[in-house]
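**Q** What follows is start.tsv, TSV, C-alpha atoms.
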```tsv
chain	number	residue	atom	x	y	z
Q	991	MET	CA	19.71	-17.56	3.38
Q	992	THR	CA	17.39	-20.53	3.61
Q	993	SER	CA	13.71	-20.09	4.35
Q	994	ILE	CA	14.23	-21.88	7.67
Q	995	GLY	CA	16.93	-19.41	8.68
Q	996	ARG	CA	14.71	-16.53	7.75
Q	997	ARG	CA	11.86	-17.82	9.89
Q	998	HIS	CA	14.09	-17.56	12.94
Q	999	LEU	CA	13.56	-13.82	12.86
Q	1000	LEU	CA	9.83	-14.27	13.32
Q	1001	GLY	CA	9.99	-16.53	16.35
Q	1002	GLY	CA	6.82	-18.18	17.59
Q	1003	ALA	CA	6.33	-21.71	16.30
Q	1004	ALA	CA	9.28	-21.27	13.95
Q	1005	GLY	CA	11.66	-20.52	16.81
Q	1006	LEU	CA	13.10	-17.32	18.23
Q	1007	PHE	CA	16.42	-15.91	17.14
Q	1008	THR	CA	17.89	-14.54	20.36
Q	1009	ALA	CA	20.02	-11.43	19.87
Q	1010	SER	CA	22.05	-9.71	22.54
Q	1011	LEU	CA	23.67	-6.31	22.69
Q	1012	THR	CA	26.03	-5.11	25.38
Q	1013	GLY	CA	24.47	-2.40	27.53
Q	1014	PHE	CA	20.87	-3.08	26.55
Q	1015	ARG	CA	18.62	-3.03	29.58
Q	1016	SER	CA	15.28	-4.69	30.20
Q	1017	ALA	CA	12.26	-2.91	28.75
Q	1018	LEU	CA	9.22	-1.80	30.70
Q	1019	ALA	CA	5.91	-3.02	29.26
Q	1020	GLU	CA	2.34	-2.33	30.30
Q	1021	PRO	CA	-0.02	-5.13	31.43
Q	1022	GLY	CA	-1.87	-6.79	28.57
Q	1023	THR	CA	1.10	-6.84	26.19
Q	1024	GLY	CA	4.11	-9.05	25.87
Q	1025	PRO	CA	7.54	-7.80	26.90
Q	1026	LEU	CA	9.46	-5.60	24.49
Q	1027	GLU	CA	12.23	-7.84	23.15
Q	1028	LEU	CA	15.44	-7.03	21.32
Q	1029	ILE	CA	15.05	-9.38	18.36
Q	1030	VAL	CA	18.11	-8.43	16.31
Q	1031	ALA	CA	21.04	-6.03	16.54
Q	1032	ALA	CA	21.28	-4.94	12.91
Q	1033	GLN	CA	24.69	-4.05	11.50
Q	1034	ALA	CA	23.17	-1.49	9.16
Q	1035	PRO	CA	25.65	0.95	7.57
Q	1036	THR	CA	23.52	3.96	8.51
Q	1037	THR	CA	20.13	5.18	9.80
Q	1038	PRO	CA	17.46	2.44	9.33
Q	1039	THR	CA	14.23	4.44	9.25
Q	1040	GLY	CA	12.02	1.65	7.92
Q	1041	LEU	CA	11.51	-2.09	8.14
Q	1042	THR	CA	9.15	-4.78	6.90
Q	1043	LEU	CA	8.89	-8.56	7.19
Q	1044	ALA	CA	7.78	-11.20	4.72
Q	1045	PRO	CA	5.50	-14.06	5.84
Q	1046	ASP	CA	8.46	-16.47	5.92
Q	1047	GLY	CA	10.37	-14.20	8.31
Q	1048	ARG	CA	12.66	-12.38	5.92
Q	1049	MET	CA	13.34	-8.89	7.26
Q	1050	PHE	CA	14.24	-5.82	5.22
Q	1051	LEU	CA	15.61	-2.48	6.38
Q	1052	PHE	CA	15.46	0.86	4.57
Q	1053	MET	CA	18.18	3.47	4.92
Q	1054	PRO	CA	17.51	6.76	3.13
Q	1055	ARG	CA	20.44	8.21	1.21
Q	1056	PHE	CA	20.89	11.20	3.51
Q	1057	ASP	CA	24.49	11.64	2.33
Q	1058	ASP	CA	27.26	9.93	0.38
Q	1059	ARG	CA	28.04	7.71	3.37
Q	1060	THR	CA	24.89	5.72	2.60
Q	1061	VAL	CA	26.45	2.79	0.76
Q	1062	PHE	CA	23.10	1.11	0.08
Q	1063	THR	CA	19.51	2.10	0.74
Q	1064	VAL	CA	17.74	-1.30	0.90
Q	1065	GLY	CA	19.10	-4.24	2.86
Q	1066	GLU	CA	18.07	-7.70	3.97
Q	1067	VAL	CA	18.75	-8.59	7.62
Q	1068	PHE	CA	20.28	-11.95	8.49
Q	1069	PRO	CA	19.82	-13.66	11.89
Q	1070	ASP	CA	23.40	-12.83	12.93
Q	1071	GLY	CA	22.71	-9.11	12.39
Q	1072	ARG	CA	24.37	-8.75	9.01
Q	1073	VAL	CA	22.60	-6.41	6.60
Q	1074	VAL	CA	23.35	-6.94	2.92
Q	1075	PRO	CA	22.29	-4.89	-0.12
Q	1076	TYR	CA	18.97	-5.98	-1.59
Q	1077	PRO	CA	18.04	-7.05	-4.24
Q	1078	SER	CA	21.70	-6.50	-5.20
Q	1079	GLU	CA	24.59	-4.14	-4.67
Q	1080	ALA	CA	24.27	-2.95	-8.27
Q	1081	ALA	CA	20.59	-2.06	-7.88
Q	1082	ASN	CA	21.54	0.15	-4.92
Q	1083	ARG	CA	24.09	2.13	-6.93
Q	1084	PRO	CA	22.36	5.41	-7.88
Q	1085	ASP	CA	22.84	6.58	-11.44
Q	1086	PRO	CA	20.88	9.57	-12.82
Q	1087	ALA	CA	21.28	8.10	-16.30
Q	1088	LYS	CA	19.37	5.02	-15.11
Q	1089	ALA	CA	16.95	6.77	-12.76
Q	1090	GLY	CA	14.10	4.33	-13.33
Q	1091	GLU	CA	16.27	1.27	-12.75
Q	1092	ARG	CA	18.39	2.09	-9.70
Q	1093	LEU	CA	17.48	2.69	-6.06
Q	1094	PHE	CA	18.34	6.15	-4.77
Q	1095	HIS	CA	16.71	7.06	-1.43
Q	1096	VAL	CA	14.34	4.47	0.04
Q	1097	PRO	CA	12.91	5.53	3.43
Q	1098	ASN	CA	10.33	2.74	3.63
Q	1099	GLY	CA	8.91	-0.35	2.03
Q	1100	VAL	CA	6.17	-2.89	2.74
Q	1101	VAL	CA	5.35	-6.51	1.97
Q	1102	ASP	CA	1.75	-6.79	0.78
Q	1103	VAL	CA	-0.72	-9.63	1.42
Q	1104	ARG	CA	0.36	-11.25	-1.85
Q	1105	GLY	CA	3.94	-11.50	-0.62
Q	1106	ARG	CA	5.37	-8.78	-2.88
Q	1107	LEU	CA	7.87	-6.26	-1.57
Q	1108	TRP	CA	7.08	-2.66	-2.50
Q	1109	LEU	CA	9.82	-0.04	-2.20
Q	1110	LEU	CA	9.22	3.70	-1.98
Q	1111	ASP	CA	12.06	5.56	-3.69
Q	1112	ALA	CA	12.08	9.32	-3.03
Q	1113	GLY	CA	14.66	9.79	-5.78
Q	1114	LEU	CA	16.96	11.97	-3.66
Q	1115	MET	CA	20.74	11.97	-3.57
Q	1116	ALA	CA	20.89	13.58	-0.11
Q	1117	SER	CA	18.62	14.74	2.70
Q	1118	SER	CA	17.73	17.80	0.62
Q	1119	GLY	CA	17.79	18.90	-2.99
Q	1120	THR	CA	15.58	18.37	-6.02
Q	1121	PRO	CA	14.62	14.73	-6.67
Q	1122	VAL	CA	16.60	13.27	-9.57
Q	1123	PRO	CA	14.36	13.39	-12.67
Q	1124	GLY	CA	12.61	10.05	-13.09
Q	1125	ALA	CA	14.00	8.58	-9.85
Q	1126	ALA	CA	10.91	8.96	-7.62
Q	1127	LYS	CA	9.00	5.71	-7.98
Q	1128	LEU	CA	7.41	2.62	-6.51
Q	1129	VAL	CA	9.31	-0.60	-7.14
Q	1130	CYS	CA	7.73	-4.06	-6.83
Q	1131	ILE	CA	9.92	-7.10	-6.13
Q	1132	ASP	CA	8.91	-10.75	-6.35
Q	1133	LEU	CA	10.37	-12.26	-3.17
Q	1134	ALA	CA	10.32	-15.74	-4.65
Q	1135	THR	CA	12.83	-14.72	-7.30
Q	1136	ASP	CA	14.23	-11.47	-5.82
Q	1137	ALA	CA	13.53	-9.86	-9.19
Q	1138	ILE	CA	12.04	-6.42	-9.85
Q	1139	THR	CA	8.77	-7.04	-11.64
Q	1140	ARG	CA	7.31	-3.56	-11.92
Q	1141	THR	CA	8.19	0.11	-11.53
Q	1142	ILE	CA	5.58	2.86	-11.17
Q	1143	PRO	CA	6.94	6.38	-11.84
Q	1144	LEU	CA	5.97	9.13	-9.39
Q	1145	GLN	CA	7.60	11.98	-11.29
Q	1146	ASP	CA	4.26	13.69	-11.96
Q	1147	VAL	CA	3.31	13.93	-8.27
Q	1148	VAL	CA	6.59	15.11	-6.71
Q	1149	THR	CA	7.79	18.70	-6.46
Q	1150	GLU	CA	11.24	20.28	-6.33
Q	1151	THR	CA	11.07	20.14	-2.52
Q	1152	SER	CA	9.46	16.70	-2.13
Q	1153	SER	CA	10.75	14.16	0.38
Q	1154	LEU	CA	8.63	11.03	0.07
Q	1155	ASN	CA	8.60	9.26	3.42
Q	1156	ASP	CA	6.14	6.46	4.22
Q	1157	LEU	CA	4.12	3.85	2.35
Q	1158	ARG	CA	1.11	1.60	2.83
Q	1159	VAL	CA	-0.17	-0.86	0.24
Q	1160	ASP	CA	-3.64	-2.41	0.19
Q	1161	ALA	CA	-3.60	-5.44	-2.12
Q	1162	ARG	CA	-6.53	-7.39	-0.72
Q	1163	PRO	CA	-9.03	-8.86	-3.22
Q	1164	GLY	CA	-10.73	-6.05	-5.11
Q	1165	ARG	CA	-8.05	-3.54	-4.16
Q	1166	GLU	CA	-4.70	-2.63	-5.63
Q	1167	VAL	CA	-3.78	0.74	-4.16
Q	1168	ALA	CA	-0.93	2.49	-2.35
Q	1169	TYR	CA	-0.74	5.55	-0.11
Q	1170	ILE	CA	2.38	7.67	0.34
Q	1171	THR	CA	3.35	10.61	2.52
Q	1172	ASP	CA	5.47	13.50	1.27
Q	1173	GLN	CA	6.89	15.35	4.27
Q	1174	GLY	CA	8.41	18.09	2.10
Q	1175	GLN	CA	11.87	19.51	2.67
Q	1176	ASP	CA	10.28	22.86	3.53
Q	1177	GLY	CA	7.58	21.29	5.71
Q	1178	ALA	CA	4.85	21.67	3.08
Q	1179	GLY	CA	3.68	18.06	2.96
Q	1180	ALA	CA	1.11	16.09	0.99
Q	1181	LEU	CA	-0.52	12.68	0.57
Q	1182	ILE	CA	-0.23	10.65	-2.63
Q	1183	ALA	CA	-2.72	7.97	-3.66
Q	1184	VAL	CA	-1.70	5.45	-6.33
Q	1185	ASP	CA	-3.93	3.10	-8.31
Q	1186	LEU	CA	-1.44	0.26	-8.73
Q	1187	ALA	CA	-3.42	-1.39	-11.52
Q	1188	SER	CA	-3.22	1.63	-13.83
Q	1189	GLY	CA	-0.23	3.41	-12.28
Q	1190	ARG	CA	-2.26	6.62	-11.91
Q	1191	ALA	CA	-1.07	8.74	-8.98
Q	1192	LEU	CA	-2.84	11.71	-7.38
Q	1193	ARG	CA	-1.22	14.34	-5.14
Q	1194	ARG	CA	-3.63	15.31	-2.36
Q	1195	LEU	CA	-3.87	17.87	0.46
Q	1196	SER	CA	-0.67	19.60	-0.62
Q	1197	ASP	CA	0.35	22.11	2.08
Q	1198	HIS	CA	-2.96	21.55	3.86
Q	1199	ALA	CA	-2.98	22.18	7.63
Q	1200	SER	CA	-3.13	18.42	8.24
Q	1201	THR	CA	-0.04	17.70	6.13
Q	1202	ARG	CA	2.03	20.77	7.02
Q	1203	SER	CA	4.84	21.07	9.55
Q	1204	VAL	CA	3.58	23.06	12.56
Q	1205	GLU	CA	5.75	26.10	13.15
Q	1206	GLY	CA	7.16	26.41	16.66
Q	1207	THR	CA	6.75	22.73	17.56
Q	1208	LEU	CA	9.36	21.76	20.16
Q	1209	LYS	CA	10.69	18.22	19.95
Q	1210	ILE	CA	13.00	16.87	22.66
Q	1211	VAL	CA	14.82	13.57	22.12
Q	1212	GLU	CA	17.33	12.09	24.58
Q	1213	GLY	CA	17.02	15.23	26.68
Q	1214	ARG	CA	17.95	17.62	23.88
Q	1215	VAL	CA	15.92	19.94	21.66
Q	1216	LEU	CA	15.98	18.58	18.11
Q	1217	LEU	CA	17.43	21.19	15.73
Q	1218	LYS	CA	19.62	21.31	12.68
Q	1219	ARG	CA	23.02	22.19	14.15
Q	1220	LYS	CA	25.88	23.21	11.87
Q	1221	ALA	CA	29.56	22.93	12.77
Q	1222	ASP	CA	29.80	26.72	13.04
Q	1223	GLY	CA	27.24	26.69	15.86
Q	1224	THR	CA	24.29	28.06	13.87
Q	1225	THR	CA	20.96	26.29	14.23
Q	1226	SER	CA	17.66	26.11	12.37
Q	1227	PRO	CA	14.30	24.49	13.24
Q	1228	ILE	CA	13.23	21.08	11.98
Q	1229	GLN	CA	10.63	21.01	9.22
Q	1230	GLY	CA	8.55	17.90	8.76
Q	1231	GLY	CA	5.21	17.60	7.02
Q	1232	ALA	CA	3.12	14.44	6.42
Q	1233	ASN	CA	5.16	11.56	7.77
Q	1234	GLY	CA	3.61	8.50	9.43
Q	1235	ILE	CA	0.56	6.75	7.95
Q	1236	ALA	CA	-1.62	3.76	8.81
Q	1237	LEU	CA	-4.64	2.10	7.20
Q	1238	SER	CA	-7.84	1.14	9.01
Q	1239	PRO	CA	-8.68	-2.60	8.99
Q	1240	ASP	CA	-11.27	-2.16	6.24
Q	1241	GLY	CA	-8.99	0.07	4.17
Q	1242	ALA	CA	-11.58	2.86	4.26
Q	1243	ARG	CA	-9.54	5.38	6.30
Q	1244	LEU	CA	-5.99	6.61	6.17
Q	1245	TYR	CA	-4.51	7.83	9.44
Q	1246	TYR	CA	-1.62	10.28	9.10
Q	1247	THR	CA	0.38	12.97	10.86
Q	1248	PRO	CA	3.15	15.46	10.11
Q	1249	LEU	CA	6.52	14.75	11.74
Q	1250	MET	CA	6.41	18.13	13.49
Q	1251	SER	CA	2.86	18.05	14.80
Q	1252	ARG	CA	1.12	16.58	17.82
Q	1253	ARG	CA	-2.19	15.98	15.97
Q	1254	LEU	CA	-3.48	12.81	14.34
Q	1255	TYR	CA	-5.68	13.07	11.25
Q	1256	ALA	CA	-7.84	10.73	9.18
Q	1257	VAL	CA	-9.36	10.90	5.71
Q	1258	GLU	CA	-11.45	8.52	3.60
Q	1259	THR	CA	-9.31	6.63	1.12
Q	1260	ALA	CA	-12.08	6.64	-1.49
Q	1261	ALA	CA	-11.82	10.42	-1.65
Q	1262	LEU	CA	-8.04	10.29	-2.06
Q	1263	LEU	CA	-8.40	7.88	-4.98
Q	1264	ASP	CA	-11.27	9.63	-6.78
Q	1265	PRO	CA	-9.91	11.65	-9.73
Q	1266	ALA	CA	-13.23	13.48	-10.01
Q	1267	ARG	CA	-12.75	15.13	-6.61
Q	1268	ASP	CA	-10.68	18.27	-6.25
Q	1269	ASP	CA	-8.42	18.95	-3.29
Q	1270	ALA	CA	-10.88	21.37	-1.70
Q	1271	SER	CA	-13.57	18.69	-1.46
Q	1272	VAL	CA	-11.06	16.21	-0.02
Q	1273	ALA	CA	-9.98	18.77	2.57
Q	1274	GLU	CA	-13.59	19.13	3.74
Q	1275	ILE	CA	-13.69	15.53	5.00
Q	1276	VAL	CA	-10.35	15.51	6.85
Q	1277	ARG	CA	-10.92	14.64	10.52
Q	1278	ASP	CA	-8.72	15.99	13.30
Q	1279	LEU	CA	-8.52	13.13	15.81
Q	1280	GLY	CA	-6.73	15.19	18.42
Q	1281	GLU	CA	-3.48	15.11	20.36
Q	1282	LYS	CA	-1.26	12.02	20.14
Q	1283	GLY	CA	2.23	13.26	21.02
Q	1284	LEU	CA	5.19	13.68	18.67
Q	1285	THR	CA	5.68	10.58	16.57
Q	1286	GLY	CA	7.41	9.09	13.57
Q	1287	GLY	CA	5.82	5.93	12.19
Q	1288	LEU	CA	2.25	4.73	12.71
Q	1289	ALA	CA	0.55	1.35	12.32
Q	1290	ALA	CA	-3.01	0.08	12.75
Q	1291	ASP	CA	-4.03	-3.39	13.88
Q	1292	SER	CA	-7.11	-5.48	13.11
Q	1293	ARG	CA	-8.97	-3.83	16.01
Q	1294	ASP	CA	-8.42	-0.37	14.49
Q	1295	ARG	CA	-5.98	0.65	17.20
Q	1296	VAL	CA	-3.23	3.00	16.02
Q	1297	TYR	CA	0.31	2.43	17.32
Q	1298	LEU	CA	2.43	5.52	17.93
Q	1299	SER	CA	6.23	5.73	17.92
Q	1300	LEU	CA	6.69	8.23	20.75
Q	1301	GLN	CA	10.14	9.55	19.90
Q	1302	GLU	CA	10.41	11.99	22.79
Q	1303	PHE	CA	9.95	9.20	25.34
Q	1304	GLY	CA	11.58	6.18	23.70
Q	1305	ALA	CA	8.20	4.51	23.91
Q	1306	ILE	CA	5.33	2.86	22.07
Q	1307	GLY	CA	1.88	4.36	22.43
Q	1308	ARG	CA	-1.48	3.04	21.30
Q	1309	ARG	CA	-4.65	4.94	20.45
Q	1310	ASP	CA	-7.93	3.08	20.82
Q	1311	PRO	CA	-10.85	3.82	18.46
Q	1312	ASP	CA	-12.53	5.83	21.24
Q	1313	GLY	CA	-9.54	8.19	21.32
Q	1314	ARG	CA	-7.97	6.89	24.54
Q	1315	ILE	CA	-4.16	6.79	24.35
Q	1316	GLU	CA	-1.83	4.78	26.58
Q	1317	VAL	CA	1.87	4.04	26.64
Q	1318	ILE	CA	2.25	0.27	26.24
Q	1319	ALA	CA	6.05	-0.06	26.34
Q	1320	ARG	CA	9.17	2.00	26.80
Q	1321	ASP	CA	12.88	1.30	26.72
Q	1322	PRO	CA	15.97	3.51	27.09
Q	1323	ASN	CA	17.36	1.90	23.95
Q	1324	LEU	CA	14.39	2.91	21.80
Q	1325	VAL	CA	16.34	5.85	20.43
Q	1326	TRP	CA	14.15	7.50	17.77
Q	1327	PRO	CA	11.57	4.72	17.40
Q	1328	ASP	CA	10.42	4.88	13.82
Q	1329	THR	CA	8.65	2.35	11.59
Q	1330	PHE	CA	6.28	-0.37	12.84
Q	1331	TRP	CA	5.41	-3.68	11.23
Q	1332	ILE	CA	2.69	-6.04	12.48
Q	1333	THR	CA	2.84	-9.73	11.52
Q	1334	ALA	CA	-0.11	-12.04	10.94
Q	1335	ASP	CA	0.54	-13.84	14.24
Q	1336	GLY	CA	0.41	-10.62	16.28
Q	1337	TRP	CA	4.00	-9.47	16.67
Q	1338	LEU	CA	4.66	-5.74	16.55
Q	1339	TYR	CA	8.16	-4.92	15.22
Q	1340	LEU	CA	9.85	-1.54	15.56
Q	1341	SER	CA	13.16	-0.03	14.51
Q	1342	ALA	CA	15.25	2.32	16.66
Q	1343	ALA	CA	16.70	4.59	13.97
Q	1344	GLN	CA	18.88	6.95	16.07
Q	1345	ALA	CA	18.08	9.73	13.57
Q	1346	ASN	CA	18.54	12.44	16.21
Q	1347	ARG	CA	22.18	11.37	16.48
Q	1348	ARG	CA	22.89	12.05	12.81
Q	1349	PRO	CA	25.57	14.64	11.90
Q	1350	GLU	CA	23.08	17.30	10.77
Q	1351	HIS	CA	21.76	17.49	14.35
Q	1352	ASN	CA	25.17	17.41	16.03
Q	1353	LYS	CA	27.45	20.02	14.41
Q	1354	GLY	CA	28.59	17.57	11.75
Q	1355	VAL	CA	29.51	14.81	14.21
Q	1356	ASP	CA	27.91	11.41	13.65
Q	1357	ARG	CA	26.81	10.19	17.08
Q	1358	GLN	CA	24.94	7.11	15.86
Q	1359	GLN	CA	26.06	3.91	17.57
Q	1360	PRO	CA	25.64	0.78	15.44
Q	1361	PRO	CA	24.36	-1.87	15.66
Q	1362	TYR	CA	20.80	-0.64	15.40
Q	1363	ALA	CA	18.18	-2.24	17.61
Q	1364	ILE	CA	15.12	-3.93	16.18
Q	1365	PHE	CA	12.51	-4.66	18.84
Q	1366	ARG	CA	9.30	-6.63	18.91
Q	1367	MET	CA	6.44	-7.21	21.31
Q	1368	LYS	CA	3.38	-9.48	21.28
Q	1369	ILE	CA	0.02	-7.76	20.82
Q	1370	ASP	CA	-3.46	-9.24	20.92
Q	1371	ALA	CA	-4.26	-8.49	17.27
Q	1372	GLY	CA	-2.91	-8.96	13.78
Q	1373	PRO	CA	-2.28	-6.39	11.04
Q	1374	ALA	CA	-5.07	-4.15	9.80
```
Could the structure of this file be written out as structure tokens, please?

**A**
Amino acid sequence: MTSIGRRHLLGGAAGLFTASLTGFRSALAEPGTGPLELIVAAQAPTTPTGLTLAPDGRMFLFMPRFDDRTVFTVGEVFPDGRVVPYPSEAANRPDPAKAGERLFHVPNGVVDVRGRLWLLDAGLMASSGTPVPGAAKLVCIDLATDAITRTIPLQDVVTETSSLNDLRVDARPGREVAYITDQGQDGAGALIAVDLASGRALRRLSDHASTRSVEGTLKIVEGRVLLKRKADGTTSPIQGGANGIALSPDGARLYYTPLMSRRLYAVETAALLDPARDDASVAEIVRDLGEKGLTGGLAADSRDRVYLSLQEFGAIGRRDPDGRIEVIARDPNLVWPDTFWITADGWLYLSAAQANRRPEHNKGVDRQQPPYAIFRMKIDAGPA
């Protein structure tokens, strides 16, 4: 794909790639924001939980290896909706004998301010199970050459029940750090802080109240209570610890929330990164910012406003620094809104992952309906 073709996904001065999808209806947006637009109908092979964009408009989707039907876990999106394995089909072929070289289960990735693509690999072969030894890692790709330039192992900070989920990278001058959520397969989540320069990783707030799945939380998506539903009719509750994260504009605070929790939390990043601090002292400075609804992904803009993927309502919410929350857009086709990405020119992108339609929630029947919608809307701020 040429760089010009890639820019068509960004729109603006570079032009807008107009996608259409039969049955998609007009979105409802609040005053003060642009309309919610369907920017591409992605022919992803399975659930696209994450997305990121490069400055030249290249878009990447991330599809966790929930089962053996996941043919690749990282893909690049073309303007016509095609999604192809990235950086190659071979790199997406999991092999326990080459755990540090292959991509196993990538739920999210980000492009940093230096134009590098960072991939978060949870190292799983399915939605549950012990991570493959040596497979949990951060992978850095040079987008100019599409070559892997660095791999940072995360083996020392994952557990037998880990499920690494979201990633933020701060690579501004004087910084070289990453923050990761572990939602835990049993709901006992954690935060992970990584010094990218040295590769040192610290597991923080493991099974703390702010990272733990809240027992008894009821989540309703598309008019149905979200449960694990087996073919034999038995059900079990959803567990989901630390999930969405966002960085404040100055990089000093990390916002985060469990998947199964209505609370938003914040903690100072300096404390997460300080190896001299124990977990108890980090826990003392966690701030409970209050109710924000049930969400998946989070993002913060340059005005320190936190965007909320309101999965129960097929909507986008926004929390102002004073704590006020409003719904800024909603659309019946925002089925399981998940990861946000904010571009330098003030476009907010969002994937509709359809995760509630997966077989594990529907007695073994896959009710997902490709293509998967990628939306965007104009906001009056850039990325944090």

**Q** Could you name the residues that touch Thr1259 of chain Q at 7 Å or less, counting all atoms listed in the file, but leaving out those on the same chain fewer than 3 positions away, as a list in words?

**A** Ala1242, Arg1243, Leu1244, Leu1262 and Leu1263 of chain Q

**Q** Using all atoms listed in the file, which protein or nucleic acid residues come within 9 Å of Ala1187 of chain Q? Drop anything in the same chain fewer than 3 positions from it, and give the result as a ChimeraX atom specification.

**A** /Q:1165-1167,1184,1190

**Q** Using all atoms listed in the file, find the one residue out of Q:Met1367, Q:Ser1251, Q:Gly1189, Q:Asp1172 that sits nearest to Thr1207 of chain Q.

**A**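 Closest residue, counting all atoms listed in the file: Q:Ser1251.
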
**Q** Would you kindly return, as a PDB file with C-alpha atoms, in the frame of the given file, each protein, DNA or RNA residue with an atom no farther than 12 Å from any atom of segment 1268-1270 of chain Q, considering all atoms listed in the file and excluding same-chain residues fewer than 2 positions away?

**A**
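Saved file out_28.pdb follows:
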```
ATOM      1  CA  ALA Q1180       1.110  16.090   0.990  1.00  0.00           C
ATOM      2  CA  LEU Q1181      -0.520  12.680   0.570  1.00  0.00           C
ATOM      3  CA  ILE Q1182      -0.230  10.650  -2.630  1.00  0.00           C
ATOM      4  CA  LEU Q1192      -2.840  11.710  -7.380  1.00  0.00           C
ATOM      5  CA  ARG Q1193      -1.220  14.340  -5.140  1.00  0.00           C
ATOM      6  CA  ARG Q1194      -3.630  15.310  -2.360  1.00  0.00           C
ATOM      7  CA  LEU Q1195      -3.870  17.870   0.460  1.00  0.00           C
ATOM      8  CA  SER Q1196      -0.670  19.600  -0.620  1.00  0.00           C
ATOM      9  CA  ASP Q1197       0.350  22.110   2.080  1.00  0.00           C
ATOM     10  CA  HIS Q1198      -2.960  21.550   3.860  1.00  0.00           C
ATOM     11  CA  ALA Q1261     -11.820  10.420  -1.650  1.00  0.00           C
ATOM     12  CA  LEU Q1262      -8.040  10.290  -2.060  1.00  0.00           C
ATOM     13  CA  LEU Q1263      -8.400   7.880  -4.980  1.00  0.00           C
ATOM     14  CA  ASP Q1264     -11.270   9.630  -6.780  1.00  0.00           C
ATOM     15  CA  PRO Q1265      -9.910  11.650  -9.730  1.00  0.00           C
ATOM     16  CA  ALA Q1266     -13.230  13.480 -10.010  1.00  0.00           C
ATOM     17  CA  VAL Q1272     -11.060  16.210  -0.020  1.00  0.00           C
ATOM     18  CA  ALA Q1273      -9.980  18.770   2.570  1.00  0.00           C
ATOM     19  CA  GLU Q1274     -13.590  19.130   3.740  1.00  0.00           C
ATOM     20  CA  ILE Q1275     -13.690  15.530   5.000  1.00  0.00           C
ATOM     21  CA  VAL Q1276     -10.350  15.510   6.850  1.00  0.00           C
TER      22      VAL Q1276
END
```

**Q** Have a look at Q:Pro1123, Q:Pro1327, Q:Gly1113, Q:Pro1349 and name the one nearest to Tyr1362 of chain Q; count all atoms listed in the file.

**A**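 Of Q:Pro1123, Q:Pro1327, Q:Gly1113, Q:Pro1349, the one nearest Tyr1362 of chain Q, counting all atoms listed in the file, is Q:Pro1327.
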
**Q** From the options Q:Thr1036, Q:Leu1237, Q:Arg1106, Q:Leu1028, which residue's atoms come nearest to Phe1365 of chain Q, counting all atoms listed in the file?

**A**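 Residue with the minimum atom-to-atom distance to Phe1365 of chain Q: Q:Leu1028.
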
**Q** Pick from Q:Ile1332, Q:Ile1228, Q:Val1074, Q:Leu1279: nearest to Thr1042 of chain Q, with all atoms listed in the file counted?

**A**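 Among the listed residues, the smallest separation from Thr1042 of chain Q belongs to Q:Ile1332.
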
**Q** When you look at Ala1125 of chain Q with a cut-off of 8 Å (counting only C-alpha atoms), what residues show up, excluding the ones that are within fewer than 2 positions of it in the same chain? I need them as a VMD selection string.

**A** chain Q and resid 1086 1089 to 1090 1092 to 1094 1111 to 1114 1121 to 1123 1127 1143 1145

**Q** Which centre and which edge lengths, in Å to one decimal, describe the axis-aligned box that holds all listed atoms of segment 1137-1140 of chain Q after 8 Å is added on each side, as JSON?

**A**
```
{"center_x": 10.4, "center_y": -6.7, "center_z": -10.6, "size_x": 22.2, "size_y": 22.3, "size_z": 18.7}
```

**Q** Rounded to one decimal, what separation in Å do you get between atom CA of Gln1358 of chain Q and atom CA of Gln1344 of chain Q?

**A**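 Going from atom CA of Gln1358 of chain Q over to atom CA of Gln1344 of chain Q covers 6.1 Å.
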
**Q** Grab the atom CA of Thr1037 of chain Q to atom CA of Glu1302 of chain Q distance for me, in Å with one decimal place.

**A**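 Separation between atom CA of Thr1037 of chain Q and atom CA of Glu1302 of chain Q: 17.6 Å.
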
**Q** What gap, in Å, lies between atom CA of Val1061 of chain Q and atom CA of Glu1150 of chain Q?

**A** 24.2 Å
